[in-house]
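This is final_30.cif. It holds mmCIF, C-alpha atoms.
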data_upload
#
loop_
_atom_site.label_atom_id
_atom_site.label_comp_id
_atom_site.auth_asym_id
_atom_site.auth_seq_id
_atom_site.Cartn_x
_atom_site.Cartn_y
_atom_site.Cartn_z
CA MET E 1 -16.41 -32.05 -5.63
CA GLY E 2 -16.26 -28.53 -4.24
CA GLN E 3 -16.25 -25.56 -6.61
CA LYS E 4 -14.12 -22.88 -4.96
CA VAL E 5 -12.91 -19.48 -6.15
CA HIS E 6 -10.08 -17.47 -4.63
CA PRO E 7 -11.66 -14.50 -2.76
CA LYS E 8 -9.23 -12.01 -4.34
CA ILE E 9 -9.58 -13.30 -7.91
CA PHE E 10 -13.36 -13.24 -7.48
CA ARG E 11 -13.17 -9.47 -6.83
CA MET E 12 -10.30 -8.57 -9.15
CA GLY E 13 -10.94 -5.28 -10.91
CA ILE E 14 -13.84 -4.49 -8.58
CA THR E 15 -12.40 -4.02 -5.10
CA GLN E 16 -9.01 -5.69 -5.61
CA GLN E 17 -6.08 -4.67 -7.81
CA TRP E 18 -3.32 -6.65 -9.52
CA GLN E 19 0.06 -6.97 -7.79
CA SER E 20 1.89 -6.99 -11.14
CA LYS E 21 1.17 -3.94 -13.27
CA TRP E 22 2.60 -4.16 -16.78
CA PHE E 23 1.68 -5.18 -20.32
CA ALA E 24 3.60 -7.54 -22.59
CA LYS E 25 2.92 -9.74 -25.60
CA LYS E 26 5.97 -11.83 -26.51
CA GLN E 27 7.67 -11.42 -23.12
CA TYR E 28 4.69 -12.27 -20.95
CA ALA E 29 6.05 -15.63 -19.72
CA GLN E 30 9.48 -14.13 -19.04
CA PHE E 31 8.07 -11.20 -17.04
CA LEU E 32 5.75 -13.46 -15.06
CA GLU E 33 8.60 -15.80 -14.11
CA GLN E 34 10.73 -12.82 -13.09
CA ASP E 35 7.96 -11.47 -10.85
CA LEU E 36 7.52 -14.83 -9.13
CA GLN E 37 11.26 -15.21 -8.53
CA ILE E 38 11.61 -11.63 -7.23
CA ARG E 39 8.80 -12.20 -4.74
CA ARG E 40 10.37 -15.50 -3.67
CA ILE E 41 13.75 -13.82 -3.07
CA ILE E 42 12.18 -11.03 -1.00
CA LYS E 43 10.11 -13.49 1.02
CA ASP E 44 13.15 -15.67 1.81
CA LYS E 45 15.44 -12.71 2.56
CA PHE E 46 13.02 -10.93 4.90
CA LYS E 47 11.28 -13.80 6.69
CA ASP E 48 11.10 -11.86 9.95
CA ALA E 49 10.10 -8.51 8.44
CA GLY E 50 6.36 -9.20 8.16
CA VAL E 51 6.22 -8.80 4.37
CA ALA E 52 2.54 -8.62 3.41
CA SER E 53 2.87 -8.28 -0.38
CA VAL E 54 5.16 -7.14 -3.19
CA ASP E 55 3.88 -4.96 -6.06
CA ILE E 56 5.87 -4.81 -9.30
CA GLU E 57 5.38 -2.13 -11.95
CA ARG E 58 7.18 -1.93 -15.31
CA SER E 59 7.21 1.29 -17.30
CA GLY E 60 9.68 1.69 -20.15
CA THR E 61 13.14 1.07 -18.72
CA THR E 62 12.04 1.52 -15.09
CA VAL E 63 11.04 -1.35 -12.81
CA THR E 64 9.47 -0.33 -9.50
CA ILE E 65 9.21 -2.86 -6.66
CA MET E 66 7.00 -1.81 -3.75
CA ILE E 67 7.30 -3.87 -0.58
CA HIS E 68 4.44 -3.71 1.92
CA THR E 69 5.72 -4.70 5.35
CA SER E 70 4.80 -4.34 9.00
CA ARG E 71 8.47 -3.83 9.96
CA PRO E 72 9.97 -1.40 7.44
CA GLY E 73 13.10 -0.88 9.54
CA VAL E 74 14.09 -4.54 9.12
CA VAL E 75 13.80 -4.28 5.34
CA ILE E 76 15.53 -0.90 5.03
CA GLY E 77 18.43 -1.90 7.26
CA ARG E 78 21.02 0.35 8.84
CA GLY E 79 21.48 3.41 6.66
CA GLY E 80 19.45 1.82 3.86
CA ALA E 81 21.93 -1.02 3.41
CA GLY E 82 19.21 -3.68 3.25
CA VAL E 83 17.30 -2.02 0.42
CA GLU E 84 20.46 -1.25 -1.54
CA GLU E 85 21.69 -4.83 -1.24
CA LEU E 86 18.32 -6.15 -2.43
CA ARG E 87 18.24 -3.69 -5.34
CA THR E 88 21.73 -4.73 -6.44
CA THR E 89 20.87 -8.43 -6.22
CA VAL E 90 17.63 -8.12 -8.19
CA ALA E 91 19.13 -5.81 -10.84
CA LYS E 92 22.12 -8.09 -11.40
CA LYS E 93 20.10 -11.31 -11.58
CA PHE E 94 17.08 -10.28 -13.65
CA PHE E 95 17.78 -7.03 -15.54
CA ASP E 96 20.41 -5.48 -17.79
CA LYS E 97 22.24 -2.20 -17.23
CA LYS E 98 19.73 -0.23 -19.32
CA GLN E 99 16.92 -0.87 -16.84
CA ASN E 100 16.56 1.19 -13.70
CA VAL E 101 15.38 -0.77 -10.64
CA ARG E 102 13.65 1.21 -7.88
CA ILE E 103 12.58 -0.23 -4.52
CA THR E 104 10.10 1.52 -2.25
CA ILE E 105 8.93 0.48 1.20
CA GLU E 106 5.41 1.01 2.52
CA GLU E 107 4.35 0.21 6.07
CA VAL E 108 1.23 -1.87 6.73
CA ALA E 109 -0.76 0.17 9.22
CA GLN E 110 -2.65 -2.71 10.87
CA PRO E 111 -0.73 -6.00 10.53
CA LEU E 112 -3.34 -8.03 12.41
CA LEU E 113 -5.86 -7.29 9.64
CA ASN E 114 -3.56 -8.65 6.92
CA ALA E 115 -4.04 -12.35 6.14
CA GLN E 116 -0.45 -12.86 4.95
CA ILE E 117 1.04 -11.53 8.19
CA VAL E 118 -1.45 -13.51 10.29
CA CYS E 119 -0.44 -16.66 8.38
CA GLN E 120 3.24 -15.97 9.02
CA ASN E 121 2.60 -15.55 12.74
CA MET E 122 0.69 -18.84 12.81
CA ILE E 123 3.50 -20.63 10.96
CA GLU E 124 6.07 -19.42 13.48
CA GLN E 125 3.96 -20.61 16.41
CA ILE E 126 3.09 -24.02 14.90
CA GLU E 127 6.73 -24.69 13.99
CA LYS E 128 7.60 -23.93 17.64
CA ARG E 129 5.19 -26.75 18.57
CA ILE E 130 2.61 -24.50 20.23
CA PRO E 131 -0.75 -26.40 20.33
CA PHE E 132 -2.63 -25.71 17.09
CA ARG E 133 -5.95 -24.94 18.83
CA ARG E 134 -4.28 -22.20 20.86
CA VAL E 135 -2.72 -20.84 17.64
CA LEU E 136 -6.11 -20.78 15.92
CA LYS E 137 -7.81 -19.04 18.85
CA THR E 138 -5.02 -16.48 19.27
CA ALA E 139 -5.02 -15.53 15.57
CA VAL E 140 -8.81 -15.16 15.40
CA ASP E 141 -9.10 -13.22 18.67
CA GLN E 142 -6.29 -10.79 17.75
CA ALA E 143 -7.85 -10.05 14.36
CA ARG E 144 -11.25 -9.45 15.95
CA ARG E 145 -9.78 -7.09 18.53
CA ALA E 146 -7.99 -5.23 15.72
CA GLY E 147 -11.34 -4.46 14.10
CA ALA E 148 -12.10 -7.36 11.75
CA LYS E 149 -15.82 -7.92 11.18
CA GLY E 150 -15.26 -11.61 10.56
CA VAL E 151 -12.34 -14.06 10.72
CA LYS E 152 -11.95 -17.69 9.76
CA SER E 153 -8.78 -19.70 10.27
CA MET E 154 -8.15 -23.29 9.21
CA VAL E 155 -5.31 -25.77 9.68
CA ALA E 156 -5.03 -29.18 8.01
CA GLY E 157 -2.55 -32.04 8.20
CA ARG E 158 -1.18 -34.39 10.83
CA LEU E 159 -2.16 -32.05 13.63
CA GLY E 160 -0.26 -32.69 16.84
CA GLY E 161 1.63 -35.52 15.13
CA ALA E 162 -1.49 -37.68 14.72
CA GLU E 163 -1.31 -40.68 12.38
CA ILE E 164 -4.35 -39.56 10.36
CA ALA E 165 -4.53 -36.08 8.85
CA ARG E 166 -7.56 -33.96 9.62
CA THR E 167 -8.85 -30.40 9.38
CA GLU E 168 -9.66 -27.99 12.20
CA GLU E 169 -11.13 -24.51 11.79
CA LEU E 170 -12.31 -21.63 13.94
CA LYS E 171 -14.65 -18.87 12.81
CA ARG E 172 -15.84 -15.64 14.39
CA GLY E 173 -18.20 -13.11 12.80
CA SER E 174 -19.40 -13.15 9.18
CA ILE E 175 -17.48 -13.96 5.99
CA PRO E 176 -19.70 -12.91 3.01
CA LEU E 177 -17.81 -14.72 0.23
CA GLN E 178 -20.48 -14.01 -2.41
CA THR E 179 -20.61 -10.22 -1.89
CA PHE E 180 -18.45 -8.38 -4.41
CA ARG E 181 -17.98 -5.24 -2.32
CA ALA E 182 -16.91 -7.23 0.76
CA ASP E 183 -13.25 -6.53 1.54
CA ILE E 184 -12.01 -10.06 2.27
CA ASP E 185 -8.31 -10.74 2.58
CA PHE E 186 -7.35 -14.39 2.04
CA LYS E 187 -4.06 -16.24 2.24
CA ARG E 188 -2.88 -19.82 2.39
CA GLU E 189 0.55 -20.98 3.53
CA ARG E 190 2.11 -24.07 5.04
CA ALA E 191 4.21 -24.88 8.07
CA THR E 192 6.90 -27.56 7.76
CA LEU E 193 7.29 -29.91 10.74
CA SER E 194 9.25 -33.09 11.35
CA TYR E 195 6.13 -35.24 10.87
CA GLY E 196 4.87 -33.47 7.72
CA VAL E 197 3.35 -30.30 6.36
CA VAL E 198 0.48 -28.40 8.01
CA GLY E 199 -1.58 -26.23 5.67
CA ILE E 200 -2.92 -22.91 6.93
CA LYS E 201 -5.73 -20.77 5.50
CA VAL E 202 -6.93 -17.41 6.78
CA TRP E 203 -9.93 -15.29 5.76
CA ILE E 204 -10.31 -11.77 7.20
CA TYR E 205 -13.43 -9.70 6.48
CA ARG E 206 -12.66 -6.00 6.96
CA GLY E 207 -16.00 -4.47 5.98
CA LYS E 208 -17.76 -3.35 2.81
CA ILE E 209 -16.29 -1.03 0.20
CA PHE E 210 -18.52 1.49 -1.54
CA ALA E 211 -18.14 3.63 -4.67
CA ASP E 212 -16.40 6.47 -2.82
CA LYS E 213 -13.49 4.32 -1.65
CA LYS E 214 -11.78 1.72 -3.80
CA ALA E 215 -9.79 -1.00 -2.08
CA THR E 216 -6.35 -2.32 -2.88
CA HIS E 217 -4.70 -5.46 -1.57
CA ASN E 218 -3.41 -3.60 1.51
CA THR E 219 -6.45 -1.38 2.22
CA LEU E 220 -7.14 -1.60 5.92
CA THR E 221 -9.80 1.10 6.41
CA PRO E 222 -12.86 0.30 4.26
CA ALA E 223 -15.71 2.72 3.86
CA SER E 224 -17.95 3.29 6.83
CA GLU E 225 -21.23 1.41 7.02
CA SER E 226 -22.93 4.28 8.81
CA GLY E 227 -26.27 5.80 7.87
CA LYS E 228 -24.78 8.20 5.30
CA ASP E 229 -23.65 5.19 3.23
CA ASN E 230 -26.97 3.35 3.36
CA LYS E 231 -28.14 4.97 0.14
CA LEU E 232 -25.32 3.18 -1.69
CA LYS E 233 -26.33 -0.26 -0.56
CA THR E 234 -27.96 -2.44 -3.19
CA ASP E 235 -28.47 -5.71 -1.30
#

Spell out the structure here as structure tokens.
Amino acid sequence: MGQKVHPKIFRMGITQQWQSKWFAKKQYAQFLEQDLQIRRIIKDKFKDAGVASVDIERSGTTVTIMIHTSRPGVVIGRGGAGVEELRTTVAKKFFDKKQNVRITIEEVAQPLLNAQIVCQNMIEQIEKRIPFRRVLKTAVDQARRAGAKGVKSMVAGRLGGAEIARTEELKRGSIPLQTFRADIDFKRERATLSYGVVGIKVWIYRGKIFADKKATHNTLTPASESGKDNKLKTD
């Protein structure tokens, strides 16, 4: 039986940060369920907006929701109508009138180096019945051209409508899963087809992060591995 650890959880507090930033004792379960539902609403509402992640911060009576997306214009809408509609929906469903809900939008600079966005692109192509091997090769090649030092993509299920499920993967470059300072973005999603579900996993290695630059979930420009940083290496 394989013993696997999520690449982000493995580095949490070292090179990765939490997407929910708040503290609670008695209301922990309630806040956690709210965060999950808010993210689900945003994901369903903005399927075509390239939403990479959603950060939620709670401070006193203020709740701040930060949406990281590759297409901020789609989320904002004409004259800010999209953001205002989302804010009204979330505030009415989850919070009382005493709490102030703020929504901010941040653009993802390099979408092809974000595992979530790459997964979404693969889902769209697979659901359009594009051959899965072409989808794998396209995703890996685009990420490599965008500057990724290593990429691995995997699909599993009844590929091509076959009777027996199987797994196919494609890897380019290195994926140092046991290195704490390695900036590895990982995501898993699934595509729904008429003959079943196809699971998708993507690993993107974006370089090493040193003491002078801390990474977050959407960091796309890790520290340089040039000679001036060699003195920080401990391998």

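Each of E:Gly207, E:Gly160, E:Val5, E:Thr167 was checked against Ala182 of chain E using only C-alpha atoms; the smallest atom-to-atom distance is that of E:Gly207.
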
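If all atoms listed in the file are the atoms counted, then among E:Ala91, E:Asp183, E:Tyr205, E:Arg188 the closest residue to Val140 of chain E is E:Tyr205.
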
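Between Asp35 of chain E and the residues E:Val54, E:Val83, E:Val198, E:Ala148, the shortest atom-to-atom distance, using all atoms listed in the file, involves E:Val54.
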
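The nearest approach to Lys97 of chain E among the residues E:Lys149, E:Ile56, E:Leu170, E:Thr62, with all atoms listed in the file taken into account, belongs to E:Thr62.
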
Could you list, as a PDB file with C-alpha atoms, keeping the file's coordinate frame, every residue matched by the PyMOL selection byres ((chain E and resi 171) around 9) in this structure?
ATOM      1  CA  VAL E 140      -8.810 -15.160  15.400  1.00  0.00           C
ATOM      2  CA  GLY E 150     -15.260 -11.610  10.560  1.00  0.00           C
ATOM      3  CA  VAL E 151     -12.340 -14.060  10.720  1.00  0.00           C
ATOM      4  CA  LYS E 152     -11.950 -17.690   9.760  1.00  0.00           C
ATOM      5  CA  SER E 153      -8.780 -19.700  10.270  1.00  0.00           C
ATOM      6  CA  MET E 154      -8.150 -23.290   9.210  1.00  0.00           C
ATOM      7  CA  GLU E 169     -11.130 -24.510  11.790  1.00  0.00           C
ATOM      8  CA  LEU E 170     -12.310 -21.630  13.940  1.00  0.00           C
ATOM      9  CA  ARG E 172     -15.840 -15.640  14.390  1.00  0.00           C
ATOM     10  CA  GLY E 173     -18.200 -13.110  12.800  1.00  0.00           C
ATOM     11  CA  SER E 174     -19.400 -13.150   9.180  1.00  0.00           C
ATOM     12  CA  ILE E 175     -17.480 -13.960   5.990  1.00  0.00           C
TER      13      ILE E 175
END

Take the PyMOL selection byres ((chain E and resi 110) around 8), run it mentally on this structure, and tell me the resulting residues as a VMD selection string. chain E and resid 70 108 to 109 111 to 114 146 220

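Against this structure, the PyMOL selection byres ((chain E and resi 115) around 6) ends up with Asn114, Gln116, Ile117, Val118, Asp185, Phe186, Lys187 and Val202 of chain E.
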
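Our summary of the geometry notes that atom CA of Val75 of chain E is positioned 20.5 Å from atom CA of Gln34 of chain E.
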
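Between Ile200 of chain E and the residues E:Gln27, E:Gln142, E:Thr179, E:Gln120, the shortest atom-to-atom distance, using only C-alpha atoms, involves E:Gln120.
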